[in-house]
>>> print(open('entry.cif').read())   # mmCIF, C-alpha atoms and all ligand atoms
data_target
#
loop_
_atom_site.label_atom_id
_atom_site.label_comp_id
_atom_site.auth_asym_id
_atom_site.auth_seq_id
_atom_site.Cartn_x
_atom_site.Cartn_y
_atom_site.Cartn_z
CA MET A 1 0.00 0.00 0.00
CA THR A 2 1.00 3.57 -0.54
CA LEU A 3 1.49 4.17 3.16
CA MET A 4 4.13 1.46 3.37
CA ARG A 5 5.96 2.87 0.36
CA TRP A 6 6.15 6.30 1.97
CA VAL A 7 7.35 4.78 5.20
CA GLU A 8 10.01 2.84 3.34
CA GLU A 9 11.17 5.90 1.42
CA GLY A 10 11.59 7.77 4.69
CA LYS A 11 8.78 10.23 4.00
CA GLY A 12 6.81 11.81 6.80
CA ASP A 13 7.37 12.04 10.53
CA LEU A 14 4.15 10.60 11.89
CA VAL A 15 1.68 7.91 10.83
CA ILE A 16 -2.01 8.23 11.64
CA SER A 17 -3.82 5.04 10.79
CA ASP A 18 -7.28 3.65 11.21
CA VAL A 19 -7.59 0.09 12.42
CA ILE A 20 -9.88 -0.78 9.54
CA MET A 21 -8.09 0.18 6.33
CA PRO A 22 -9.35 -0.52 2.83
CA ASP A 23 -6.47 -2.92 2.27
CA GLY A 24 -6.29 -4.67 5.61
CA ASN A 25 -5.96 -4.22 9.35
CA GLY A 26 -3.93 -1.15 10.29
CA LEU A 27 -2.58 -2.88 13.36
CA ASP A 28 -1.00 -5.60 11.27
CA ALA A 29 1.20 -3.03 9.56
CA LEU A 30 2.63 -1.68 12.82
CA PRO A 31 5.40 -4.25 13.37
CA ARG A 32 6.64 -3.72 9.81
CA ILE A 33 6.62 0.05 10.23
CA GLY A 34 8.56 -0.39 13.45
CA ARG A 35 11.21 -2.49 11.75
CA MET A 36 11.58 -0.17 8.77
CA ARG A 37 11.53 3.09 10.69
CA PRO A 38 12.27 2.54 14.37
CA GLY A 39 11.00 5.47 16.41
CA LEU A 40 8.48 6.64 13.83
CA PRO A 41 5.38 7.39 15.95
CA VAL A 42 2.06 5.83 14.91
CA ILE A 43 -1.31 6.98 16.16
CA VAL A 44 -4.03 4.37 15.79
CA ILE A 45 -7.63 5.46 15.46
CA SER A 46 -10.43 3.03 15.97
CA ALA A 47 -14.19 2.91 16.02
CA GLN A 48 -14.00 -0.44 17.74
CA ASN A 49 -13.90 1.25 21.06
CA THR A 50 -12.96 -1.79 23.09
CA ILE A 51 -10.20 -2.67 25.43
CA MET A 52 -9.03 -5.32 22.97
CA THR A 53 -8.20 -2.72 20.35
CA ALA A 54 -6.30 -0.73 22.92
CA ILE A 55 -4.44 -3.83 23.92
CA GLN A 56 -3.55 -4.73 20.35
CA ALA A 57 -2.41 -1.20 19.66
CA ALA A 58 -0.20 -1.28 22.75
CA GLU A 59 1.17 -4.68 21.80
CA ALA A 60 2.01 -3.46 18.33
CA GLU A 61 3.76 -0.52 20.03
CA ALA A 62 1.60 2.21 18.62
CA TYR A 63 2.57 5.58 20.04
CA ASP A 64 -1.00 6.44 20.87
CA TYR A 65 -4.48 5.06 20.53
CA LEU A 66 -7.53 7.17 19.90
CA PRO A 67 -11.04 5.78 20.14
CA LYS A 68 -13.65 7.22 17.77
CA PRO A 69 -15.38 9.60 17.90
CA PHE A 70 -12.47 11.91 18.61
CA ASP A 71 -12.32 15.61 18.08
CA LEU A 72 -9.86 17.31 15.80
CA PRO A 73 -8.15 19.45 18.47
CA ASP A 74 -7.47 16.30 20.41
CA LEU A 75 -5.89 14.61 17.40
CA MET A 76 -3.85 17.75 16.69
CA LYS A 77 -2.61 17.85 20.26
CA ARG A 78 -1.58 14.22 20.23
CA SER A 79 0.10 14.62 16.88
CA ALA A 80 2.06 17.57 18.20
CA ARG A 81 3.09 15.53 21.22
CA ALA A 82 4.17 12.63 19.02
CA LEU A 83 6.21 14.92 16.76
CA GLU A 84 7.77 16.64 19.74
CA LEU A 85 8.75 13.27 21.13
CA LYS A 86 10.29 12.32 17.80
CA ARG A 87 12.29 15.57 17.67
CA ARG A 88 13.77 14.84 21.04
CA ALA A 89 14.82 11.37 19.89
CA PRO A 90 16.82 9.35 20.69
CA LYS A 91 15.97 10.50 24.21
CA THR A 92 12.39 9.43 23.58
CA VAL A 93 12.32 6.93 26.39
CA ILE A 94 11.86 8.66 29.73
CA PRO A 95 13.29 6.30 32.32
CA PRO A 96 10.83 5.10 34.94
CA LYS A 97 10.87 6.99 38.21
CA ASP A 98 13.47 5.64 40.55
CA THR A 99 11.59 3.15 42.68
CA GLY A 100 14.62 2.00 44.59
CA ASP A 101 16.46 -1.20 43.88
CA ASP A 102 13.43 -3.41 44.34
CA LEU A 103 10.57 -4.06 41.98
CA PRO A 104 7.53 -2.01 42.95
CA MET A 105 5.29 -5.04 42.78
CA VAL A 106 6.09 -8.52 43.95
CA GLY A 107 4.29 -11.62 42.70
CA ARG A 108 4.86 -14.24 40.05
CA THR A 109 1.67 -16.29 40.15
CA GLY A 110 -0.61 -16.53 37.14
CA GLY A 111 -3.11 -14.05 38.54
CA MET A 112 -0.46 -11.37 38.95
CA GLN A 113 1.07 -12.04 35.54
CA ALA A 114 -2.30 -11.54 33.91
CA LEU A 115 -2.68 -8.31 35.85
CA TYR A 116 0.76 -7.04 34.79
CA ARG A 117 -0.08 -7.66 31.16
CA LEU A 118 -3.27 -5.65 31.50
CA VAL A 119 -1.46 -2.88 33.32
CA ALA A 120 1.11 -2.71 30.53
CA ARG A 121 -1.58 -2.51 27.94
CA VAL A 122 -3.70 0.21 29.51
CA MET A 123 -0.72 2.21 30.67
CA ASN A 124 -0.39 4.64 27.81
CA THR A 125 -4.00 4.79 26.77
CA ASP A 126 -6.34 7.46 28.08
CA LEU A 127 -8.95 4.93 29.12
CA SER A 128 -10.24 5.31 32.65
CA VAL A 129 -9.12 2.49 34.89
CA MET A 130 -11.07 1.03 37.78
CA ILE A 131 -9.05 -1.15 40.12
CA THR A 132 -11.07 -3.53 42.27
CA GLY A 133 -10.07 -5.97 44.95
CA GLU A 134 -10.21 -6.59 48.68
CA SER A 135 -8.60 -4.19 51.10
CA GLY A 136 -4.82 -4.49 51.15
CA THR A 137 -4.44 -6.35 47.86
CA GLY A 138 -2.39 -3.57 46.29
CA LYS A 139 -4.97 -1.44 44.46
CA SER A 140 -3.35 1.86 45.37
CA LEU A 141 0.06 0.47 44.50
CA ILE A 142 -1.16 -0.52 41.05
CA ALA A 143 -2.64 2.92 40.41
CA ARG A 144 0.75 4.36 41.32
CA ALA A 145 2.57 1.89 39.07
CA ILE A 146 0.33 2.71 36.12
CA HIS A 147 1.24 6.36 36.56
CA ASP A 148 4.93 5.80 37.23
CA PHE A 149 5.46 3.68 34.15
CA SER A 150 3.23 5.65 31.80
CA ASP A 151 4.34 8.60 29.71
CA ARG A 152 2.59 10.83 32.25
CA ARG A 153 5.15 9.88 34.86
CA THR A 154 6.74 13.32 35.00
CA LEU A 155 3.35 14.94 35.67
CA PRO A 156 1.52 15.04 39.01
CA PHE A 157 -0.06 11.97 40.60
CA ILE A 158 -3.03 12.98 42.74
CA VAL A 159 -5.07 10.80 45.05
CA ALA A 160 -8.42 12.54 45.45
CA GLN A 161 -9.97 12.37 48.89
CA SER A 162 -13.60 13.31 49.07
CA ILE A 163 -12.57 16.40 51.06
CA ASP A 164 -10.68 17.63 47.99
CA LEU A 165 -13.96 17.63 46.11
CA GLN A 166 -15.87 19.81 48.58
CA GLY A 167 -16.58 23.48 48.02
CA ILE A 168 -17.19 25.35 44.80
CA ASP A 169 -13.56 25.39 43.77
CA GLY A 170 -12.81 21.85 44.90
CA PRO A 171 -13.08 20.00 41.61
CA SER A 172 -11.45 22.67 39.45
CA ALA A 173 -8.65 23.16 41.96
CA LEU A 174 -8.01 19.42 41.83
CA MET A 175 -7.90 19.48 38.05
CA ALA A 176 -5.47 22.35 38.13
CA ARG A 177 -3.24 20.44 40.51
CA ALA A 178 -3.30 17.34 38.32
CA ARG A 179 -2.08 19.25 35.22
CA GLY A 180 -2.60 16.37 32.82
CA GLY A 181 -1.09 13.77 35.15
CA SER A 182 -3.22 11.15 36.88
CA ILE A 183 -6.06 11.41 39.40
CA VAL A 184 -7.13 8.47 41.53
CA PHE A 185 -10.55 8.45 43.14
CA ASP A 186 -9.71 6.21 46.03
CA GLU A 187 -12.25 3.81 47.57
CA ILE A 188 -14.96 5.37 45.46
CA ALA A 189 -17.71 3.28 47.07
CA ASP A 190 -17.27 5.42 50.18
CA TYR A 191 -18.25 8.59 48.31
CA ASP A 192 -21.65 9.84 49.38
CA GLU A 193 -24.30 11.01 46.94
CA ASP A 194 -23.17 14.59 46.97
CA THR A 195 -19.53 13.68 46.36
CA GLN A 196 -20.48 11.36 43.52
CA ALA A 197 -22.36 14.24 41.91
CA ARG A 198 -19.30 16.46 42.24
CA VAL A 199 -17.11 13.88 40.55
CA VAL A 200 -19.57 13.56 37.68
CA ARG A 201 -19.61 17.34 37.23
CA MET A 202 -15.86 17.40 37.36
CA LEU A 203 -15.54 14.70 34.72
CA ASP A 204 -17.95 16.68 32.56
CA LEU A 205 -15.58 19.61 32.69
CA LEU A 206 -12.58 17.65 31.46
CA GLY A 207 -11.18 19.30 28.41
CA ASP A 208 -7.73 19.87 27.08
CA ASN A 209 -4.91 18.45 29.08
CA ALA A 210 -7.23 16.11 30.94
CA PRO A 211 -5.62 13.88 33.55
CA ARG A 212 -5.83 10.09 33.37
CA ILE A 213 -8.70 9.01 35.61
CA MET A 214 -8.33 6.02 37.89
CA SER A 215 -10.46 4.76 40.76
CA THR A 216 -10.26 2.00 43.32
CA SER A 217 -13.02 0.06 45.02
CA GLN A 218 -13.32 -2.81 47.47
CA VAL A 219 -16.95 -3.46 46.75
CA ASP A 220 -18.81 -4.58 43.70
CA LEU A 221 -20.05 -1.29 42.30
CA ALA A 222 -22.28 -2.96 39.73
CA GLY A 223 -24.27 -4.37 42.63
CA ARG A 224 -24.39 -0.99 44.33
CA MET A 225 -25.56 0.55 41.12
CA ALA A 226 -28.41 -1.93 40.84
CA SER A 227 -29.63 -0.89 44.28
CA ASP A 228 -29.24 2.81 43.37
CA ALA A 229 -26.51 3.38 45.94
CA PHE A 230 -24.04 4.26 43.20
CA ARG A 231 -24.68 6.50 40.20
CA SER A 232 -24.65 4.59 36.95
CA ASP A 233 -23.35 7.55 34.92
CA LEU A 234 -20.36 7.74 37.23
CA PHE A 235 -19.88 3.98 37.10
CA TYR A 236 -19.67 3.97 33.32
CA ARG A 237 -17.35 6.96 33.19
CA LEU A 238 -14.90 5.45 35.65
CA GLY A 239 -14.99 1.88 34.44
CA GLY A 240 -13.32 2.08 31.02
CA VAL A 241 -11.17 -0.86 31.97
CA THR A 242 -11.51 -2.88 35.15
CA LEU A 243 -8.46 -4.45 36.73
CA GLN A 244 -9.31 -7.09 39.30
CA VAL A 245 -6.57 -7.60 41.86
CA PRO A 246 -6.52 -11.14 43.29
CA SER A 247 -6.64 -11.64 47.05
CA LEU A 248 -3.61 -13.15 48.74
CA ARG A 249 -5.58 -16.38 49.27
CA GLU A 250 -5.82 -16.73 45.51
CA ARG A 251 -2.06 -16.52 45.12
CA VAL A 252 -0.61 -18.43 48.01
CA ASP A 253 2.63 -19.10 46.12
CA ASP A 254 3.42 -15.37 46.27
CA ILE A 255 3.30 -15.30 50.08
CA PRO A 256 6.91 -16.42 50.76
CA LEU A 257 8.15 -14.03 48.09
CA LEU A 258 6.26 -11.12 49.62
CA ALA A 259 7.46 -12.03 53.12
CA GLU A 260 11.07 -11.98 51.90
CA HIS A 261 10.43 -8.69 50.14
CA PHE A 262 9.15 -7.06 53.33
CA LEU A 263 11.99 -8.51 55.42
CA ALA A 264 14.46 -6.97 53.00
CA LYS A 265 12.57 -3.69 53.09
CA GLY A 266 12.66 -3.79 56.89
CA GLU A 267 16.36 -4.42 56.76
CA ARG A 268 16.86 -1.23 54.77
CA GLU A 269 14.47 0.87 56.83
CA LEU A 270 14.90 -0.46 60.34
CA GLY A 271 18.36 -1.90 60.06
CA SER A 272 17.25 -5.17 61.62
CA VAL A 273 18.43 -8.30 59.87
CA ARG A 274 15.99 -11.13 60.48
CA ARG A 275 15.06 -14.32 58.74
CA LEU A 276 12.05 -16.55 59.13
CA SER A 277 12.48 -20.03 60.52
CA LYS A 278 11.11 -22.77 58.30
CA ASP A 279 8.04 -23.41 60.45
CA ALA A 280 7.39 -19.67 60.90
CA SER A 281 7.38 -19.42 57.12
CA ASP A 282 4.99 -22.38 56.89
CA VAL A 283 2.56 -20.76 59.31
CA ILE A 284 2.64 -17.55 57.30
CA ARG A 285 1.95 -19.43 54.10
CA ALA A 286 -0.94 -21.36 55.59
CA HIS A 287 -2.61 -18.29 57.07
CA ASN A 288 -5.80 -16.96 55.54
CA TRP A 289 -4.72 -13.28 55.32
CA PRO A 290 -8.05 -11.48 55.43
CA GLY A 291 -6.11 -8.20 55.29
CA ASN A 292 -4.08 -9.39 52.30
CA VAL A 293 -0.66 -7.90 51.47
CA ARG A 294 -1.13 -4.99 53.85
CA GLN A 295 -1.66 -7.36 56.77
CA LEU A 296 1.36 -9.42 55.77
CA GLU A 297 3.52 -6.31 55.49
CA ASN A 298 2.35 -4.99 58.86
CA MET A 299 2.95 -8.32 60.51
CA ILE A 300 6.51 -8.48 59.23
CA ARG A 301 7.09 -4.93 60.45
CA ARG A 302 5.80 -5.83 63.88
CA LEU A 303 8.01 -8.91 63.96
CA LEU A 304 11.02 -6.81 63.08
CA VAL A 305 10.37 -4.37 65.89
CA THR A 306 9.47 -6.90 68.56
CA SER A 307 11.77 -9.85 67.97
CA SER A 308 15.39 -9.54 68.91
CA GLU A 309 16.70 -12.92 67.76
CA PRO A 310 18.01 -13.20 64.21
CA GLU A 311 15.56 -15.99 63.46
CA ILE A 312 11.85 -15.31 63.79
CA THR A 313 10.06 -18.25 65.36
CA LYS A 314 6.73 -19.87 64.70
CA ALA A 315 5.55 -18.84 68.18
CA GLU A 316 6.23 -15.17 67.46
CA VAL A 317 4.27 -15.33 64.24
CA GLU A 318 1.39 -17.14 65.91
CA GLN A 319 1.30 -14.61 68.69
CA ILE A 320 0.83 -11.76 66.26
CA LEU A 321 -1.61 -13.63 64.04
CA GLY A 322 -3.63 -14.50 67.14
CA ASN A 323 -4.02 -10.74 67.53
CA GLN A 324 -2.34 -10.64 70.89
CA PRO A 325 -1.08 -7.26 72.02
CA VAL A 326 2.34 -6.80 70.48
CA SER A 327 4.28 -5.27 73.27
CA GLU A 328 5.67 -7.76 75.70
CA PRO A 329 4.29 -7.56 79.23
CA LEU A 330 5.98 -4.80 81.15
CA LYS A 331 8.63 -6.34 83.31
CA GLY A 332 9.41 -4.70 86.57
CA GLY A 333 7.00 -1.84 86.00
CA GLY A 334 3.95 -3.16 87.70
CA GLU A 335 0.99 -1.27 89.00
CA GLY A 336 1.10 2.44 89.06
CA GLU A 337 4.04 2.81 86.73
CA LYS A 338 3.63 5.93 84.69
CA LEU A 339 3.08 5.32 80.96
CA SER A 340 5.88 7.68 80.04
CA ALA A 341 8.29 5.80 82.34
CA SER A 342 7.41 2.52 80.73
CA VAL A 343 7.72 3.97 77.24
CA ALA A 344 11.06 5.46 78.21
CA ARG A 345 12.28 2.06 79.31
CA HIS A 346 11.23 0.49 76.03
CA LEU A 347 12.87 3.25 74.05
CA LYS A 348 16.08 2.95 75.98
CA ARG A 349 16.21 -0.73 75.25
CA TYR A 350 15.46 -0.07 71.61
CA PHE A 351 18.38 2.36 71.36
CA ASP A 352 20.63 -0.03 73.27
CA LEU A 353 19.82 -2.78 70.80
CA HIS A 354 21.83 -0.89 68.21
CA GLY A 355 25.02 -1.29 70.14
CA GLY A 356 26.44 2.22 70.11
CA GLN A 357 25.08 3.01 66.65
CA LEU A 358 22.07 5.19 66.01
CA PRO A 359 18.90 3.43 64.90
CA PRO A 360 17.99 4.13 61.26
CA PRO A 361 16.13 7.39 60.60
CA GLY A 362 12.37 7.54 61.01
CA VAL A 363 12.30 6.69 64.72
CA TYR A 364 9.53 9.18 65.44
CA GLN A 365 6.96 7.67 63.06
CA ARG A 366 8.00 4.15 64.00
CA ILE A 367 7.53 4.69 67.70
CA LEU A 368 4.26 6.59 67.34
CA ARG A 369 2.97 3.70 65.28
CA GLU A 370 3.85 1.28 68.04
CA ILE A 371 1.90 3.38 70.52
CA GLU A 372 -1.06 4.06 68.23
CA LEU A 373 -1.62 0.41 67.50
CA PRO A 374 -2.37 -0.87 71.04
CA LEU A 375 -4.13 2.39 71.86
CA ILE A 376 -6.62 1.96 69.05
CA GLU A 377 -6.96 -1.78 69.55
CA ILE A 378 -7.75 -1.40 73.21
CA ALA A 379 -10.10 1.54 72.64
CA LEU A 380 -11.96 -0.53 70.04
CA ASP A 381 -12.23 -3.42 72.45
CA ALA A 382 -13.55 -1.15 75.16
CA THR A 383 -16.25 0.13 72.81
CA SER A 384 -17.03 -3.35 71.42
CA GLY A 385 -15.81 -2.37 68.00
CA ASN A 386 -18.21 0.56 67.64
CA GLN A 387 -16.16 3.01 65.61
CA ALA A 388 -18.29 6.06 66.31
CA LYS A 389 -18.00 5.46 70.06
CA CYS A 390 -14.34 4.66 69.76
CA ALA A 391 -13.63 7.89 67.84
CA ASP A 392 -15.46 9.82 70.55
CA LEU A 393 -13.54 8.06 73.26
CA LEU A 394 -10.22 8.82 71.60
CA GLY A 395 -11.32 12.32 70.67
CA ILE A 396 -10.45 11.95 67.01
CA ASN A 397 -12.44 12.30 63.85
CA ARG A 398 -14.25 9.17 62.63
CA ASN A 399 -12.56 9.31 59.22
CA THR A 400 -9.19 9.61 60.90
CA LEU A 401 -9.99 6.53 62.96
CA ARG A 402 -11.13 4.62 59.90
CA LYS A 403 -7.93 5.51 58.06
CA LYS A 404 -5.79 4.46 60.99
CA ILE A 405 -7.65 1.16 61.28
CA THR A 406 -6.85 0.48 57.65
CA ASP A 407 -3.26 1.67 57.79
CA LEU A 408 -2.45 -0.21 60.96
CA ASP A 409 -4.35 -3.25 59.75
CA ILE A 410 -6.59 -3.56 62.76
CA ARG A 411 -9.40 -6.09 62.55
CA VAL A 412 -12.61 -4.61 63.88
CA THR A 413 -15.14 -7.37 63.54
CA ARG A 414 -15.60 -10.03 66.18
CA ARG A 415 -13.27 -8.32 68.57
CA ARG A 416 -12.66 -10.15 71.75
CA LYS A 417 -12.66 -8.31 75.02
CA LEU A 418 -9.11 -8.16 76.28
CA MET A 419 -8.80 -9.58 79.74
N1 LIG A 501 2.34 -7.03 44.94
C1 LIG A 501 2.86 -6.29 45.93
N2 LIG A 501 4.19 -6.24 46.11
C2 LIG A 501 4.72 -5.50 47.09
N3 LIG A 501 4.02 -4.77 47.96
C3 LIG A 501 2.68 -4.78 47.85
C4 LIG A 501 2.03 -5.54 46.82
N4 LIG A 501 0.70 -5.35 46.94
C5 LIG A 501 0.52 -4.53 47.98
N5 LIG A 501 1.70 -4.17 48.54
C6 LIG A 501 1.89 -3.31 49.72
O1 LIG A 501 0.84 -3.59 50.62
C7 LIG A 501 0.31 -2.41 51.19
C8 LIG A 501 -1.16 -2.29 50.84
O2 LIG A 501 -1.30 -2.04 49.46
P1 LIG A 501 -2.36 -0.96 48.93
O3 LIG A 501 -2.06 -0.69 47.51
O4 LIG A 501 -2.42 0.21 49.84
O5 LIG A 501 -3.72 -1.82 49.05
P2 LIG A 501 -5.22 -1.38 48.75
O6 LIG A 501 -5.19 -0.04 48.11
O7 LIG A 501 -5.76 -2.45 47.86
O8 LIG A 501 -5.94 -1.40 50.06
C9 LIG A 501 1.14 -1.27 50.65
O9 LIG A 501 2.16 -0.95 51.58
C10 LIG A 501 1.74 -1.84 49.38
O10 LIG A 501 2.97 -1.23 49.08
MG MG A 502 -5.88 1.79 48.76
#
>>> encode(input="entry.cif", output="structure tokens", more="lines below")
Ligand SMILES: Nc1ncnc2c1ncn2[C@@H]1O[C@H](COP(=O)(O)OP(=O)(O)O)[C@@H](O)[C@H]1O
Ligand SMILES: [Mg+2]
Amino acid sequence: MTLMRWVEEGKGDLVISDVIMPDGNGLDALPRIGRMRPGLPVIVISAQNTIMTAIQAAEAEAYDYLPKPFDLPDLMKRSARALELKRRAPKTVIPPKDTGDDLPMVGRTGGMQALYRLVARVMNTDLSVMITGESGTGKSLIARAIHDFSDRRTLPFIVAQSIDLQGIDGPSALMARARGGSIVFDEIADYDEDTQARVVRMLDLLGDNAPRIMSTSQVDLAGRMASDAFRSDLFYRLGGVTLQVPSLRERVDDIPLLAEHFLAKGERELGSVRRLSKDASDVIRAHNWPGNVRQLENMIRRLLVTSSEPEITKAEVEQILGNQPVSEPLKGGGEGEKLSASVARHLKRYFDLHGGQLPPPGVYQRILREIELPLIEIALDATSGNQAKCADLLGINRNTLRKKITDLDIRVTRRRKLM
């Protein structure tokens, strides 16, 4: 076809091709174009507005993919971007953000591989992405990875809390902050009616330089929609592509890998070198992990802070999994000892553990975390798991409490009374 002749002769700086061409499938030509003219950007346009087309375009390494109907300014803008990219060649590949020496996402089981492939394929499209999965499975991490590996990676990454959407200027201020980067509507099922309406209005205002829209949800929004608890127009606007993140129970073979990953992370951050004994590792693998990767990560962190032997034992793991209070019983303190005195004793021992060296930086957050955890657990027990009462008791906002419960991986249901 004529197009291929031009490409071969070195004519032109940009190819814009429909998927359905009079003489064949436009996607089929992409690998040949790539071989003949490496770095020549191709924009694929398609009326078959499905994820599969996007995936094929990404696989064939199209520079960009544009579903029909598109508007001319949009095409012009993308063309300009493609040409600009070509001019800057060979520096066209922006390296991924430095994520440290470890992979941002651990997991080699089939479920995760399938997810990675999808992530790779949606990465540089403008499709909205909804990430679903149980709490702690890694939804937020995936949203971050999609941004960090996409060509928007140098632009802002914004996680929208519903508070950001309040007030007249809320939505537009958020858009201004995002500047064409990515916005994540986190745990969207928690948005009340009013907030949902604000998001819809905001999405209606998207124009030039629109950010990539992502959202995360723990609950089945289709079900919510059926019972009118979630707006269908919002559902369809957010759910261009759905990525389902498997629970940890569905990928048991990843558990040892993740445990090792978090031990290594702890080694870097806390400076404590620990390994898991064989039977400790077996217990971890056999556990049900209702809190998924977050729970596993928090458990390893707690083990690193509380255990002082190089090898973590089965008993230590079982103690934490049995949801026993983490701190060991206060020795020598007894009745009437002031809290600050007991904390001081613990801290002194913690510093002593480092044998003349300073502990790694971040002591403040680490210690506060250790105090927050039993405080919230015990307050929840005292209020029989009633979060409203518990927030009142602690004198903190209910949303703050809810966030801390998630972050610290505290199980609220079926709480036993501590003796
Ligand atoms: N596959 C993974 N590899 C490494 N760390 C992970 C993985 N999945 C989740 N995590 C970690 O577990 C914690 C919870 O993940 P997060 O994305 O916040 O879960 P969610 O948003 O689904 O509740 C985070 O600290 C995250 O870095
Ligand atoms: Mg999250």
>>> closest_residue(input="entry.cif", among="A:Leu234, A:Ala114, A:Ile163, A:Val184", to="ligand MG 502 (chain A)", atoms="only C-alpha atoms and all ligand atoms")
A:Val184
>>> residues_near_ligand(input="entry.cif", ligand="ligand LIG 501 (chain A)", cutoff="6 Å", atoms="only C-alpha atoms and all ligand atoms", output="mmCIF file with C-alpha atoms, in the frame of the given file")
data_model
loop_
_atom_site.group_PDB
_atom_site.id
_atom_site.type_symbol
_atom_site.label_atom_id
_atom_site.label_comp_id
_atom_site.auth_asym_id
_atom_site.auth_seq_id
_atom_site.Cartn_x
_atom_site.Cartn_y
_atom_site.Cartn_z
ATOM 1 C CA MET A 105 5.290 -5.040 42.780
ATOM 2 C CA VAL A 106 6.090 -8.520 43.950
ATOM 3 C CA GLY A 107 4.290 -11.620 42.700
ATOM 4 C CA SER A 135 -8.600 -4.190 51.100
ATOM 5 C CA GLY A 136 -4.820 -4.490 51.150
ATOM 6 C CA THR A 137 -4.440 -6.350 47.860
ATOM 7 C CA GLY A 138 -2.390 -3.570 46.290
ATOM 8 C CA LYS A 139 -4.970 -1.440 44.460
ATOM 9 C CA SER A 140 -3.350 1.860 45.370
ATOM 10 C CA LEU A 141 0.060 0.470 44.500
ATOM 11 C CA VAL A 293 -0.660 -7.900 51.470
ATOM 12 C CA ARG A 294 -1.130 -4.990 53.850
#
>>> closest_atom_pairs(input="entry.cif", of="chain A", to="ligand MG 502 (chain A)", cutoff="12 Å", atoms="all atoms listed in the file", output="Markdown table")
| residue | atom | partner | partner_atom | distance |
| --- | --- | --- | --- | --- |
| A:Ile131 | CA | A:MG502 | MG | 9.7 |
| A:Thr132 | CA | A:MG502 | MG | 9.9 |
| A:Gly133 | CA | A:MG502 | MG | 9.6 |
| A:Glu134 | CA | A:MG502 | MG | 9.4 |
| A:Ser135 | CA | A:MG502 | MG | 7.0 |
| A:Gly136 | CA | A:MG502 | MG | 6.8 |
| A:Thr137 | CA | A:MG502 | MG | 8.3 |
| A:Gly138 | CA | A:MG502 | MG | 6.9 |
| A:Lys139 | CA | A:MG502 | MG | 5.5 |
| A:Ser140 | CA | A:MG502 | MG | 4.2 |
| A:Leu141 | CA | A:MG502 | MG | 7.4 |
| A:Ile142 | CA | A:MG502 | MG | 9.3 |
| A:Ala143 | CA | A:MG502 | MG | 9.0 |
| A:Arg144 | CA | A:MG502 | MG | 10.3 |
| A:Val159 | CA | A:MG502 | MG | 9.8 |
| A:Ala160 | CA | A:MG502 | MG | 11.5 |
| A:Gln161 | CA | A:MG502 | MG | 11.3 |
| A:Val184 | CA | A:MG502 | MG | 9.9 |
| A:Phe185 | CA | A:MG502 | MG | 9.9 |
| A:Asp186 | CA | A:MG502 | MG | 6.5 |
| A:Glu187 | CA | A:MG502 | MG | 6.8 |
| A:Ile188 | CA | A:MG502 | MG | 10.3 |
| A:Met214 | CA | A:MG502 | MG | 11.9 |
| A:Ser215 | CA | A:MG502 | MG | 9.7 |
| A:Thr216 | CA | A:MG502 | MG | 7.0 |
| A:Ser217 | CA | A:MG502 | MG | 8.2 |
| A:Gln218 | CA | A:MG502 | MG | 8.8 |
| A:Val245 | CA | A:MG502 | MG | 11.7 |
| A:Gly291 | CA | A:MG502 | MG | 11.9 |
| A:Asn292 | CA | A:MG502 | MG | 11.9 |
| A:Val293 | CA | A:MG502 | MG | 11.3 |
| A:Arg294 | CA | A:MG502 | MG | 9.7 |
| A:Lys403 | CA | A:MG502 | MG | 10.2 |
| A:Thr406 | CA | A:MG502 | MG | 9.0 |
| A:Asp407 | CA | A:MG502 | MG | 9.4 |
>>> atom_distance(input="entry.cif", atom1="CA of Ser247 (chain A)", atom2="CA of Arg117 (chain A)")
17.6 Å
>>> closest_residue(input="entry.cif", among="A:Pro41, A:Gly395, A:Pro360, A:Pro171", to="Gly266 (chain A)", atoms="all atoms listed in the file")
A:Pro360
>>> atom_distance(input="entry.cif", atom1="CA of Ser150 (chain A)", atom2="CA of Asp126 (chain A)")
10.4 Å
>>> closest_residue(input="entry.cif", among="A:Gln244, A:Asn298, A:Asn386, A:Asn288", to="Met112 (chain A)", atoms="all atoms listed in the file")
A:Gln244
>>> axis_aligned_box(input="entry.cif", around="region 230-239 of chain A", padding_each_side="3 Å", output="JSON")
{"center_x": -19.8, "center_y": 4.8, "center_z": 38.2, "size_x": 15.8, "size_y": 11.9, "size_z": 16.0}
>>> closest_residue(input="entry.cif", among="A:Asp74, A:Asp352, A:Asp148, A:Glu297", to="Ala264 (chain A)", atoms="only C-alpha atoms")
A:Glu297
>>> residues_around(input="entry.cif", residues="Val15 (chain A)", least_positions_apart="3", cutoff="12 Å", atoms="all atoms listed in the file", output="number ranges by chain")
A: 3-4, 6-7, 10-12, 18, 26-27, 29-30, 33-34, 37, 39-45, 62-65, 78-79, 82-83, 86
>>> closest_residue(input="entry.cif", among="A:Ala315, A:Leu155, A:Leu243, A:Ala189", to="Pro211 (chain A)", atoms="all atoms listed in the file")
A:Leu155
>>> atom_distance(input="entry.cif", atom1="CA of Pro310 (chain A)", atom2="CA of His261 (chain A)")
16.6 Å
>>> closest_residue(input="entry.cif", among="A:Ala229, A:Ala286, A:Leu304, A:Leu127", to="Arg274 (chain A)", atoms="all atoms listed in the file")
A:Leu304
>>> residues_around(input="entry.cif", residues="Gln295 (chain A)", least_positions_apart="4", cutoff="9 Å", atoms="all atoms listed in the file", output="MDAnalysis selection string")
chainID A and resid 136 289:291 299:300 408:410
>>> decode(input="entry.cif", residues="region 5-9 of chain A", atoms="C-alpha atoms", output="mmCIF file, in the first residue's frame")
data_model
loop_
_atom_site.group_PDB
_atom_site.id
_atom_site.type_symbol
_atom_site.label_atom_id
_atom_site.label_comp_id
_atom_site.auth_asym_id
_atom_site.auth_seq_id
_atom_site.Cartn_x
_atom_site.Cartn_y
_atom_site.Cartn_z
ATOM 1 C CA ARG A 5 5.964 2.870 0.358
ATOM 2 C CA TRP A 6 6.149 6.302 1.974
ATOM 3 C CA VAL A 7 7.348 4.777 5.197
ATOM 4 C CA GLU A 8 10.007 2.839 3.335
ATOM 5 C CA GLU A 9 11.168 5.897 1.424
#
